[in-house]
Amino acid sequence: QVQLVESGGGSVQVGGSLRLSCAVSGYRYRVNCINWFRQAPGKEREGVAAIQAAGSSTLYADSVKGRFTVSRDNAQNTVYLQLNSLKPEDTAMYYCAAPSTCFASFGSWLLQPSKYTYWGQGTQVTVSS
């Protein structure tokens, strides 16, 4: 059974930082193809960051480029999302997700939520001014 468990969210002030974790278990591809999404109240879920399954290339939504960093620890079966220089518009529930079959290629389409089958319960990030 695939389980994705996010943690690390919280309430911070503008300019603050958080480190989100996604603990992965039961996924045949381990931490490969696990990527990050978020959903703000009243808005659609959107892709935030993706990391190449068979490499280290990363891609980000334009709104978070230069501020967020995605990484993974194979030994810990965990994927991370470092959030820096946080803004009020970053307030959202953050999710990690995995596809039913790990992606063989890498591209901007990785940030489409419809490509993913397994989702964690989310961790809330609230940024106040």
# chains A, B, ... in the order shown; residues from 1 in each chain; ligands from 1
>>> closest_atom_pairs(of="region 33-93 of chain A", to="region 16-23 of chain A", cutoff="6 Å", atoms="only C-alpha atoms", output="tab-separated table")
residue	atom	partner	partner_atom	distance
A:Thr78	CA	A:Ala23	CA	4.6
A:Val79	CA	A:Cys22	CA	5.0
A:Tyr80	CA	A:Ser21	CA	4.6
A:Leu81	CA	A:Leu20	CA	5.0
A:Gln82	CA	A:Arg19	CA	4.5
A:Leu83	CA	A:Leu18	CA	5.1
A:Asn84	CA	A:Ser17	CA	4.4
A:Ser85	CA	A:Gly16	CA	5.6
A:Leu86	CA	A:Gly16	CA	5.5
>>> residues_around(residues="Lys43 (chain A)", least_positions_apart="2", cutoff="12 Å", atoms="only C-alpha atoms", output="list in words")
Arg38, Gln39, Ala40, Pro41, Arg45, Glu46, Glu89, Thr91, Ala92 and Met93 of chain A
>>> write_last_selection(atoms="C-alpha atoms", output="short mmCIF file (atom, residue, chain, number, x, y, z; two decimals), in the first residue's frame")
data_model
loop_
_atom_site.label_atom_id
_atom_site.label_comp_id
_atom_site.auth_asym_id
_atom_site.auth_seq_id
_atom_site.Cartn_x
_atom_site.Cartn_y
_atom_site.Cartn_z
CA ARG A 38 -0.33 22.97 -3.40
CA GLN A 39 -3.90 24.14 -3.17
CA ALA A 40 -5.04 27.44 -1.77
CA PRO A 41 -8.63 27.99 -0.59
CA ARG A 45 -4.48 22.42 -7.12
CA GLU A 46 -1.26 23.41 -8.85
CA GLU A 89 0.37 34.04 -1.66
CA THR A 91 -0.39 30.11 1.85
CA ALA A 92 -1.88 26.75 0.89
CA MET A 93 -2.12 23.08 1.70
#
>>> select_by_dssp(residues="chain A", states="strand (DSSP E)", output="MDAnalysis selection string")
chainID A and resid 3:7 10:13 18:25 35:39 46:51 58:60 68:73 78:83 92:98 118:119 123:128
>>> closest_atom_pairs(of="region 5-47 of chain A", to="region 119-122 of chain A", cutoff="8 Å", atoms="only C-alpha atoms", output="tab-separated table")
residue	atom	partner	partner_atom	distance
A:Val5	CA	A:Gly120	CA	5.3
A:Glu6	CA	A:Gly122	CA	5.7
A:Ser7	CA	A:Gly122	CA	7.7
>>> write_last_selection(atoms="N, CA, C and O atoms", output="PDB file, in the first residue's frame")
ATOM      1  N   VAL A   5       3.319  10.714   3.412  1.00  0.00           N
ATOM      2  CA  VAL A   5       2.985  11.463   4.622  1.00  0.00           C
ATOM      3  C   VAL A   5       3.801  12.750   4.653  1.00  0.00           C
ATOM      4  O   VAL A   5       5.025  12.718   4.796  1.00  0.00           O
ATOM      5  N   GLU A   6       3.097  13.867   4.511  1.00  0.00           N
ATOM      6  CA  GLU A   6       3.753  15.172   4.545  1.00  0.00           C
ATOM      7  C   GLU A   6       3.852  15.687   5.979  1.00  0.00           C
ATOM      8  O   GLU A   6       2.996  15.396   6.823  1.00  0.00           O
ATOM      9  N   SER A   7       4.883  16.484   6.225  1.00  0.00           N
ATOM     10  CA  SER A   7       5.044  17.142   7.512  1.00  0.00           C
ATOM     11  C   SER A   7       5.896  18.388   7.312  1.00  0.00           C
ATOM     12  O   SER A   7       6.481  18.581   6.246  1.00  0.00           O
TER      13      SER A   7
END
>>> atom_distance(atom1="CA of Tyr94 (chain A)", atom2="CA of Leu4 (chain A)")
12.1 Å
>>> closest_residue(among="A:Gln52, A:Ser25, A:Thr126, A:Gln13", to="Ala104 (chain A)", atoms="only C-alpha atoms")
A:Gln52
>>> closest_residue(among="A:Ser100, A:Gln112, A:Ser105, A:Thr123", to="Val2 (chain A)", atoms="only C-alpha atoms")
A:Ser100
>>> atom_distance(atom1="CA of Ser129 (chain A)", atom2="CA of Ala61 (chain A)")
22.4 Å
>>> atom_distance(atom1="CA of Val70 (chain A)", atom2="CA of Pro88 (chain A)")
20.1 Å
